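What follows is the content of input21.tsv, which has TSV, C-alpha atoms and all ligand atoms:
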```tsv
chain	number	residue	atom	x	y	z
A	1	MET	CA	41.29	-80.66	193.21
A	2	ASN	CA	40.72	-82.76	190.08
A	3	LEU	CA	44.23	-83.67	189.00
A	4	LEU	CA	45.70	-84.82	185.69
A	5	LEU	CA	48.87	-86.88	186.16
A	6	HIS	CA	51.18	-86.92	183.18
A	7	MET	CA	52.75	-90.39	183.16
A	8	CYS	CA	56.14	-90.66	181.47
A	9	CYS	CA	56.31	-94.37	182.28
A	10	ALA	CA	54.97	-96.88	184.80
A	11	PRO	CA	58.01	-97.16	187.14
A	12	CYS	CA	58.17	-93.37	187.61
A	13	SER	CA	54.41	-93.24	188.21
A	14	ILE	CA	53.77	-96.07	190.66
A	15	PHE	CA	54.86	-94.29	193.85
A	16	ILE	CA	53.05	-91.07	192.87
A	17	VAL	CA	49.85	-92.98	192.09
A	18	ASP	CA	49.95	-94.60	195.52
A	19	ASP	CA	50.63	-91.23	197.15
A	20	LEU	CA	47.66	-89.59	195.38
A	21	ILE	CA	45.37	-92.47	196.35
A	22	GLU	CA	46.59	-92.27	199.96
A	23	GLN	CA	45.96	-88.52	200.05
A	24	GLY	CA	42.46	-88.99	198.63
A	25	ILE	CA	43.21	-86.78	195.62
A	26	LYS	CA	40.89	-87.33	192.67
A	27	PHE	CA	43.06	-87.96	189.60
A	28	GLU	CA	43.40	-89.53	186.17
A	29	GLY	CA	46.50	-90.25	184.07
A	30	LEU	CA	47.62	-89.07	180.65
A	31	PHE	CA	50.20	-90.89	178.54
A	32	TYR	CA	51.66	-88.37	176.11
A	33	ASN	CA	55.31	-89.05	175.32
A	34	PRO	CA	56.20	-88.60	171.64
A	35	ASN	CA	59.85	-88.59	172.78
A	36	ILE	CA	59.86	-92.34	173.47
A	37	GLN	CA	61.67	-94.10	170.63
A	38	PRO	CA	61.98	-96.48	168.83
A	39	ILE	CA	58.37	-97.52	168.32
A	40	GLU	CA	58.78	-100.90	170.07
A	41	GLU	CA	59.92	-99.06	173.19
A	42	PHE	CA	57.05	-96.59	172.88
A	43	LYS	CA	54.56	-99.46	172.84
A	44	ARG	CA	56.25	-101.25	175.70
A	45	ARG	CA	56.18	-98.23	178.01
A	46	CYS	CA	52.60	-97.47	177.00
A	47	ASP	CA	51.55	-101.10	177.68
A	48	ASN	CA	53.13	-100.97	181.12
A	49	VAL	CA	51.22	-97.80	181.98
A	50	LYS	CA	48.08	-99.74	181.04
A	51	ILE	CA	49.11	-102.61	183.33
A	52	LEU	CA	49.70	-100.16	186.20
A	53	SER	CA	46.32	-98.48	185.67
A	54	GLU	CA	44.64	-101.89	185.83
A	55	GLN	CA	46.56	-102.91	188.93
A	56	LYS	CA	45.67	-99.68	190.75
A	57	ASP	CA	42.27	-99.18	189.11
A	58	PHE	CA	42.40	-95.63	187.75
A	59	ASN	CA	41.65	-94.10	184.38
A	60	VAL	CA	44.32	-93.13	181.82
A	61	SER	CA	43.97	-91.34	178.48
A	62	TYR	CA	46.44	-92.21	175.73
A	63	ASP	CA	47.82	-90.03	172.96
A	64	ASP	CA	49.69	-92.20	170.47
A	65	LYS	CA	51.70	-89.38	168.92
A	66	PHE	CA	55.16	-90.70	167.98
A	67	MET	CA	57.73	-88.19	166.72
A	68	GLN	CA	61.11	-89.86	166.16
A	69	ASN	CA	61.86	-87.78	163.03
A	70	GLU	CA	61.46	-84.52	164.95
A	71	TRP	CA	63.92	-85.66	167.61
A	72	GLU	CA	66.41	-87.09	165.08
A	73	SER	CA	66.44	-83.99	162.92
A	74	PHE	CA	66.45	-81.46	165.75
A	75	GLY	CA	69.24	-79.01	165.04
A	76	GLY	CA	69.94	-77.56	168.50
A	77	SER	CA	72.20	-78.67	171.33
A	78	GLU	CA	71.46	-81.56	173.66
A	79	GLN	CA	70.23	-79.10	176.28
A	80	GLU	CA	67.95	-77.38	173.77
A	81	ARG	CA	66.58	-80.76	172.72
A	82	CYS	CA	65.68	-81.68	176.30
A	83	THR	CA	64.04	-78.27	176.78
A	84	MET	CA	61.98	-78.81	173.62
A	85	CYS	CA	61.11	-82.32	174.81
A	86	TYR	CA	59.80	-81.17	178.21
A	87	GLN	CA	58.06	-78.15	176.74
A	88	ILE	CA	56.10	-80.10	174.10
A	89	ARG	CA	54.89	-82.55	176.71
A	90	MET	CA	54.06	-80.11	179.52
A	91	ASP	CA	52.24	-77.80	177.11
A	92	LYS	CA	50.09	-80.65	175.88
A	93	VAL	CA	49.36	-81.85	179.43
A	94	ALA	CA	48.24	-78.38	180.57
A	95	GLU	CA	46.12	-77.98	177.43
A	96	PHE	CA	44.54	-81.41	177.89
A	97	ALA	CA	43.83	-80.62	181.56
A	98	LYS	CA	42.12	-77.37	180.63
A	99	GLU	CA	40.05	-78.92	177.85
A	100	ASN	CA	38.91	-81.87	179.93
A	101	GLY	CA	37.83	-80.20	183.15
A	102	PHE	CA	40.85	-80.87	185.35
A	103	THR	CA	41.74	-78.11	187.79
A	104	ALA	CA	45.44	-79.02	188.04
A	105	PHE	CA	48.16	-81.14	186.47
A	106	THR	CA	51.46	-82.68	187.48
A	107	THR	CA	54.03	-85.05	185.99
A	108	SER	CA	55.77	-88.26	187.00
A	109	LEU	CA	58.99	-86.67	185.68
A	110	LEU	CA	59.20	-84.98	189.10
A	111	ILE	CA	60.28	-88.23	190.78
A	112	SER	CA	63.39	-88.85	188.71
A	113	PRO	CA	66.76	-87.53	189.90
A	114	TYR	CA	67.95	-88.09	186.30
A	115	GLN	CA	65.60	-85.46	184.87
A	116	GLN	CA	66.15	-81.68	184.94
A	117	HIS	CA	63.89	-80.97	187.88
A	118	ASP	CA	64.13	-77.16	187.99
A	119	LEU	CA	63.65	-76.83	184.24
A	120	ILE	CA	60.56	-79.06	184.40
A	121	ILE	CA	59.09	-76.88	187.18
A	122	GLU	CA	59.77	-73.74	185.15
A	123	LEU	CA	58.10	-75.16	182.02
A	124	CYS	CA	55.14	-76.53	183.98
A	125	GLU	CA	54.58	-73.12	185.57
A	126	LYS	CA	54.69	-71.48	182.14
A	127	ALA	CA	52.21	-73.99	180.70
A	128	ALA	CA	49.93	-73.59	183.73
A	129	LYS	CA	49.83	-69.84	183.18
A	130	LYS	CA	49.25	-70.21	179.44
A	131	TYR	CA	46.24	-72.52	179.85
A	132	GLY	CA	44.86	-71.22	183.15
A	133	VAL	CA	45.21	-74.43	185.19
A	134	GLN	CA	47.11	-75.03	188.38
A	135	PHE	CA	50.46	-76.87	188.45
A	136	TYR	CA	50.48	-79.26	191.40
A	137	TYR	CA	54.10	-79.52	192.59
A	138	LYS	CA	55.60	-82.03	194.95
A	139	ASP	CA	59.24	-83.03	195.08
A	140	TYR	CA	59.10	-86.82	194.86
A	141	ARG	CA	62.80	-87.41	194.19
A	142	GLN	CA	63.60	-88.93	197.57
A	143	SER	CA	61.09	-91.70	196.78
A	144	PHE	CA	62.65	-92.62	193.41
A	145	ARG	CA	64.43	-95.77	194.62
A	146	LEU	CA	61.39	-96.94	196.55
A	147	GLY	CA	59.27	-96.40	193.44
A	148	GLN	CA	61.68	-98.47	191.35
A	149	GLN	CA	61.49	-101.28	193.91
A	150	MET	CA	57.69	-101.10	193.87
A	151	ALA	CA	57.78	-101.35	190.07
A	152	ARG	CA	60.08	-104.38	190.25
A	153	ASP	CA	57.75	-106.05	192.78
A	154	ALA	CA	54.75	-105.30	190.56
A	155	GLY	CA	56.48	-106.94	187.56
A	156	LEU	CA	56.59	-103.71	185.56
A	157	TYR	CA	59.13	-103.08	182.80
A	158	ARG	CA	61.93	-100.70	183.85
A	159	GLN	CA	63.75	-99.05	180.96
A	160	LYS	CA	67.46	-98.30	180.86
A	161	TYR	CA	67.43	-94.95	179.05
A	162	CYS	CA	65.55	-91.65	179.10
A	163	GLY	CA	63.43	-91.97	175.96
A	164	CYS	CA	64.54	-90.42	172.66
A	165	ILE	CA	66.57	-92.26	170.04
A	166	LEU	CA	69.66	-90.22	170.94
A	167	SER	CA	69.47	-91.22	174.60
A	168	TYR	CA	68.95	-94.80	173.35
A	169	GLU	CA	72.14	-94.64	171.27
A	170	ASN	CA	74.07	-93.15	174.21
A	171	ARG	CA	72.76	-95.64	176.81
A	172	GLY	CA	75.46	-97.13	179.01
A	173	LYS	CA	78.13	-94.70	177.71
B	1	LIG	S1	67.32	-87.17	176.74
B	1	LIG	FE1	65.26	-87.45	177.64
B	1	LIG	S2	64.54	-85.37	178.13
B	1	LIG	FE2	66.26	-85.16	176.69
B	1	LIG	S3	65.33	-85.10	174.65
B	1	LIG	FE3	65.82	-87.24	175.05
B	1	LIG	S4	63.97	-88.11	175.94
B	1	LIG	FE4	63.77	-85.90	176.08
```
Translate this structure into structure tokens?
Ligand code: SF4
Amino acid sequence: MNLLLHMCCAPCSIFIVDDLIEQGIKFEGLFYNPNIQPIEEFKRRCDNVKILSEQKDFNVSYDDKFMQNEWESFGGSEQERCTMCYQIRMDKVAEFAKENGFTAFTTSLLISPYQQHDLIIELCEKAAKKYGVQFYYKDYRQSFRLGQQMARDAGLYRQKYCGCILSYENRGK
């Protein structure tokens, strides 16, 4: 397997990266998260993915698409917004995997108990079918706390909200 790992952020990725290395799976990362807002936060999470890739010595591709207006002006419900948010990202990851010779893809979103796990699986499976690449699934949620500790130990930035400007405004509520 030649795997593409979608990286939503460094703290959610660190445990998965170690697991892939330990399993001897050939992989590279992709940072594609137009949902991360405002721009300062986008840059900070992107920079920390770069730090992680240097610490663990693996390759990451970066897409600097930033789409705050699309999230701010989205007319649907909160649930519909999250569905759109996952779908845009998983579609792009599957497409990128197909175009760049990867045989499978996965996402660091699968480690977070705060994300909609079943919906992410459903959308990944759809994207896999659409682009003709495999979706590599593993339930990493039980390792979330350990991953956060590893990120703390590695000096990585750990954010306090999901990503979009609306989750930023609702943080701590
Ligand atoms: S809350 Fe998180 S998953 Fe939902 S739209 Fe915002 S960034 Fe995306």
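Relative to CA of Ala128 in chain A, CA of Ala94 in chain A is found at 6.0 Å.
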Compile a residue-level contact table for chain A against ligand LIG 1 (chain B) at a cut-off of 9 Å, reporting for every qualifying residue the shortest atom pair and its distance in Å to one decimal, with only C-alpha atoms and all ligand atoms counted, rows ordered by chain and ascending number, as a Markdown table.
```
| residue | atom | partner | partner_atom | distance |
| --- | --- | --- | --- | --- |
| A:Asn33 | CA | B:LIG1 | S4 | 8.7 |
| A:Pro34 | CA | B:LIG1 | S4 | 8.9 |
| A:Asn35 | CA | B:LIG1 | S4 | 5.2 |
| A:Ile36 | CA | B:LIG1 | S4 | 6.4 |
| A:Gln37 | CA | B:LIG1 | S4 | 8.3 |
| A:Trp71 | CA | B:LIG1 | S3 | 7.2 |
| A:Glu78 | CA | B:LIG1 | FE2 | 7.0 |
| A:Gln79 | CA | B:LIG1 | FE2 | 7.3 |
| A:Glu80 | CA | B:LIG1 | S3 | 8.2 |
| A:Arg81 | CA | B:LIG1 | S3 | 4.9 |
| A:Cys82 | CA | B:LIG1 | FE2 | 3.5 |
| A:Thr83 | CA | B:LIG1 | FE2 | 7.2 |
| A:Met84 | CA | B:LIG1 | S3 | 7.2 |
| A:Cys85 | CA | B:LIG1 | FE4 | 4.6 |
| A:Tyr86 | CA | B:LIG1 | S2 | 6.3 |
| A:Gln115 | CA | B:LIG1 | S2 | 6.8 |
| A:Gln116 | CA | B:LIG1 | S2 | 7.9 |
| A:Tyr161 | CA | B:LIG1 | FE1 | 7.9 |
| A:Cys162 | CA | B:LIG1 | FE1 | 4.5 |
| A:Gly163 | CA | B:LIG1 | S4 | 3.9 |
| A:Cys164 | CA | B:LIG1 | S4 | 4.1 |
| A:Ile165 | CA | B:LIG1 | FE3 | 7.1 |
| A:Leu166 | CA | B:LIG1 | FE3 | 6.4 |
| A:Ser167 | CA | B:LIG1 | S1 | 5.1 |
| A:Tyr168 | CA | B:LIG1 | FE3 | 8.4 |
```
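For the pair CA of Leu4 in chain A and CA of Ser143 in chain A, the separation is 20.2 Å.
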Exercise. Neighbours of Asn48 in chain A within 10 Å (only C-alpha atoms; same-chain residues fewer than 2 positions away dropped), as a VMD selection string?
Worked result: chain A and resid 9 to 11 43 to 46 50 to 54 155 to 158
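Taking CA of Gln23 in chain A as the reference point, CA of Arg145 in chain A is found at 20.6 Å.
Compared by their closest atoms to Thr107 in chain A, and using all atoms listed in the file, the residues A:Met7, A:Leu30, A:Val49, A:Leu20 rank with A:Met7 nearest.
Ranking A:Lys126, A:Glu99, A:Gly132, A:His117 by their shortest atom-to-atom distance to Gln87 in chain A, with only C-alpha atoms included, puts A:Lys126 first.
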For this session: Go through A:Phe58, A:Phe102, A:Phe42, A:Tyr32 and flag the residue nearest Asp18 in chain A, using all atoms listed in the file for the distances.
Result: A:Phe58
Exercise. So which residues touch Ser108 in chain A within 6 Å, counting all atoms listed in the file, skipping near sequence neighbours fewer than 3 positions away, as a list in words?
Worked result: Met7, Cys12, Ser13 and Ile111 of chain A
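For Lys129 in chain A, the non-local neighbours within 12 Å, defined as residues at least 4 positions apart in the same chain or in other chains and counting all atoms listed in the file, are Met90, Asp91, Ala94, Glu95, Lys98, Ala104, Phe105, Glu122, Leu123, Cys124, Glu125, Val133, Gln134 and Phe135 of chain A.
Comparing the minimum interatomic distances between Gly147 in chain A and each of A:Phe31, A:Glu70, A:Phe15, A:Thr106, counting all atoms listed in the file, we find that A:Phe15 sits nearest.
Among the candidates A:Ser61, A:Gln142, A:Thr103, A:Ser73, the residue lying nearest to Ile16 in chain A is A:Gln142 (atoms considered: all atoms listed in the file).
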Limit the output to N, CA and C atoms and give range 32-69 of chain A as an mmCIF file, in the first residue's frame.
```
data_model
loop_
_atom_site.group_PDB
_atom_site.id
_atom_site.type_symbol
_atom_site.label_atom_id
_atom_site.label_comp_id
_atom_site.auth_asym_id
_atom_site.auth_seq_id
_atom_site.Cartn_x
_atom_site.Cartn_y
_atom_site.Cartn_z
ATOM 1 N N TYR A 32 -4.681 19.774 3.649
ATOM 2 C CA TYR A 32 -5.721 20.455 2.876
ATOM 3 C C TYR A 32 -6.897 20.714 3.814
ATOM 4 N N ASN A 33 -6.968 21.907 4.347
ATOM 5 C CA ASN A 33 -7.975 22.246 5.350
ATOM 6 C C ASN A 33 -8.449 23.691 5.192
ATOM 7 N N PRO A 34 -9.242 23.946 4.125
ATOM 8 C CA PRO A 34 -9.717 25.316 3.907
ATOM 9 C C PRO A 34 -10.701 25.767 4.983
ATOM 10 N N ASN A 35 -11.073 24.842 5.857
ATOM 11 C CA ASN A 35 -12.007 25.138 6.959
ATOM 12 C C ASN A 35 -11.315 25.787 8.154
ATOM 13 N N ILE A 36 -9.997 25.840 8.165
ATOM 14 C CA ILE A 36 -9.308 26.403 9.334
ATOM 15 C C ILE A 36 -9.251 27.915 9.197
ATOM 16 N N GLN A 37 -9.821 28.597 10.166
ATOM 17 C CA GLN A 37 -9.991 30.054 10.121
ATOM 18 C C GLN A 37 -9.812 30.614 11.534
ATOM 19 N N PRO A 38 -9.414 31.847 11.750
ATOM 20 C CA PRO A 38 -8.979 32.805 10.741
ATOM 21 C C PRO A 38 -7.601 32.447 10.171
ATOM 22 N N ILE A 39 -7.090 33.294 9.317
ATOM 23 C CA ILE A 39 -5.865 32.974 8.580
ATOM 24 C C ILE A 39 -4.656 32.719 9.501
ATOM 25 N N GLU A 40 -4.581 33.439 10.613
ATOM 26 C CA GLU A 40 -3.456 33.247 11.548
ATOM 27 C C GLU A 40 -3.470 31.815 12.084
ATOM 28 N N GLU A 41 -4.672 31.321 12.349
ATOM 29 C CA GLU A 41 -4.816 29.958 12.864
ATOM 30 C C GLU A 41 -4.470 28.935 11.774
ATOM 31 N N PHE A 42 -4.889 29.247 10.550
ATOM 32 C CA PHE A 42 -4.576 28.381 9.410
ATOM 33 C C PHE A 42 -3.056 28.206 9.307
ATOM 34 N N LYS A 43 -2.351 29.332 9.371
ATOM 35 C CA LYS A 43 -0.891 29.296 9.235
ATOM 36 C C LYS A 43 -0.258 28.554 10.405
ATOM 37 N N ARG A 44 -0.792 28.773 11.574
ATOM 38 C CA ARG A 44 -0.215 28.131 12.761
ATOM 39 C C ARG A 44 -0.352 26.609 12.704
ATOM 40 N N ARG A 45 -1.535 26.139 12.304
ATOM 41 C CA ARG A 45 -1.726 24.681 12.218
ATOM 42 C C ARG A 45 -0.876 24.094 11.090
ATOM 43 N N CYS A 46 -0.788 24.822 9.989
ATOM 44 C CA CYS A 46 0.036 24.385 8.867
ATOM 45 C C CYS A 46 1.514 24.308 9.295
ATOM 46 N N ASP A 47 1.990 25.344 9.970
ATOM 47 C CA ASP A 47 3.389 25.372 10.438
ATOM 48 C C ASP A 47 3.685 24.197 11.367
ATOM 49 N N ASN A 48 2.723 23.840 12.199
ATOM 50 C CA ASN A 48 2.958 22.750 13.137
ATOM 51 C C ASN A 48 2.945 21.384 12.463
ATOM 52 N N VAL A 49 2.227 21.268 11.352
ATOM 53 C CA VAL A 49 2.311 20.044 10.545
ATOM 54 C C VAL A 49 3.721 19.941 9.951
ATOM 55 N N LYS A 50 4.248 21.100 9.516
ATOM 56 C CA LYS A 50 5.622 21.116 8.979
ATOM 57 C C LYS A 50 6.619 20.692 10.056
ATOM 58 N N ILE A 51 6.452 21.191 11.256
ATOM 59 C CA ILE A 51 7.362 20.824 12.355
ATOM 60 C C ILE A 51 7.295 19.308 12.591
ATOM 61 N N LEU A 52 6.078 18.773 12.630
ATOM 62 C CA LEU A 52 5.915 17.327 12.844
ATOM 63 C C LEU A 52 6.584 16.520 11.723
ATOM 64 N N SER A 53 6.418 16.964 10.484
ATOM 65 C CA SER A 53 7.007 16.215 9.361
ATOM 66 C C SER A 53 8.539 16.238 9.441
ATOM 67 N N GLU A 54 9.078 17.331 9.969
ATOM 68 C CA GLU A 54 10.542 17.396 10.140
ATOM 69 C C GLU A 54 10.991 16.511 11.304
ATOM 70 N N GLN A 55 10.226 16.531 12.363
ATOM 71 C CA GLN A 55 10.576 15.695 13.525
ATOM 72 C C GLN A 55 10.556 14.215 13.163
ATOM 73 N N LYS A 56 9.567 13.813 12.374
ATOM 74 C CA LYS A 56 9.391 12.379 12.063
ATOM 75 C C LYS A 56 9.943 11.997 10.690
ATOM 76 N N ASP A 57 10.400 12.993 9.947
ATOM 77 C CA ASP A 57 11.059 12.780 8.663
ATOM 78 C C ASP A 57 10.171 12.071 7.618
ATOM 79 N N PHE A 58 9.077 12.719 7.272
ATOM 80 C CA PHE A 58 8.250 12.211 6.169
ATOM 81 C C PHE A 58 7.773 13.396 5.331
ATOM 82 N N ASN A 59 7.346 13.098 4.128
ATOM 83 C CA ASN A 59 6.990 14.132 3.174
ATOM 84 C C ASN A 59 5.522 14.575 3.313
ATOM 85 N N VAL A 60 5.280 15.877 3.190
ATOM 86 C CA VAL A 60 3.900 16.391 3.225
ATOM 87 C C VAL A 60 3.698 17.370 2.061
ATOM 88 N N SER A 61 2.562 17.268 1.388
ATOM 89 C CA SER A 61 2.185 18.252 0.378
ATOM 90 C C SER A 61 1.215 19.235 1.028
ATOM 91 N N TYR A 62 1.281 20.490 0.580
ATOM 92 C CA TYR A 62 0.449 21.533 1.191
ATOM 93 C C TYR A 62 -0.413 22.200 0.136
ATOM 94 N N ASP A 63 -1.692 22.334 0.446
ATOM 95 C CA ASP A 63 -2.599 23.096 -0.402
ATOM 96 C C ASP A 63 -3.033 24.285 0.444
ATOM 97 N N ASP A 64 -2.731 25.507 -0.032
ATOM 98 C CA ASP A 64 -2.976 26.668 0.831
ATOM 99 C C ASP A 64 -4.360 27.299 0.634
ATOM 100 N N LYS A 65 -5.276 26.517 0.105
ATOM 101 C CA LYS A 65 -6.646 27.022 -0.084
ATOM 102 C C LYS A 65 -7.244 27.433 1.279
ATOM 103 N N PHE A 66 -7.774 28.644 1.311
ATOM 104 C CA PHE A 66 -8.359 29.211 2.537
ATOM 105 C C PHE A 66 -9.729 29.760 2.165
ATOM 106 N N MET A 67 -10.798 29.293 2.827
ATOM 107 C CA MET A 67 -12.143 29.595 2.323
ATOM 108 C C MET A 67 -13.078 30.131 3.411
ATOM 109 N N GLN A 68 -12.639 31.121 4.152
ATOM 110 C CA GLN A 68 -13.478 31.615 5.255
ATOM 111 C C GLN A 68 -14.837 32.141 4.775
ATOM 112 N N ASN A 69 -14.851 32.835 3.626
ATOM 113 C CA ASN A 69 -16.114 33.390 3.117
ATOM 114 C C ASN A 69 -17.158 32.311 2.881
#
```
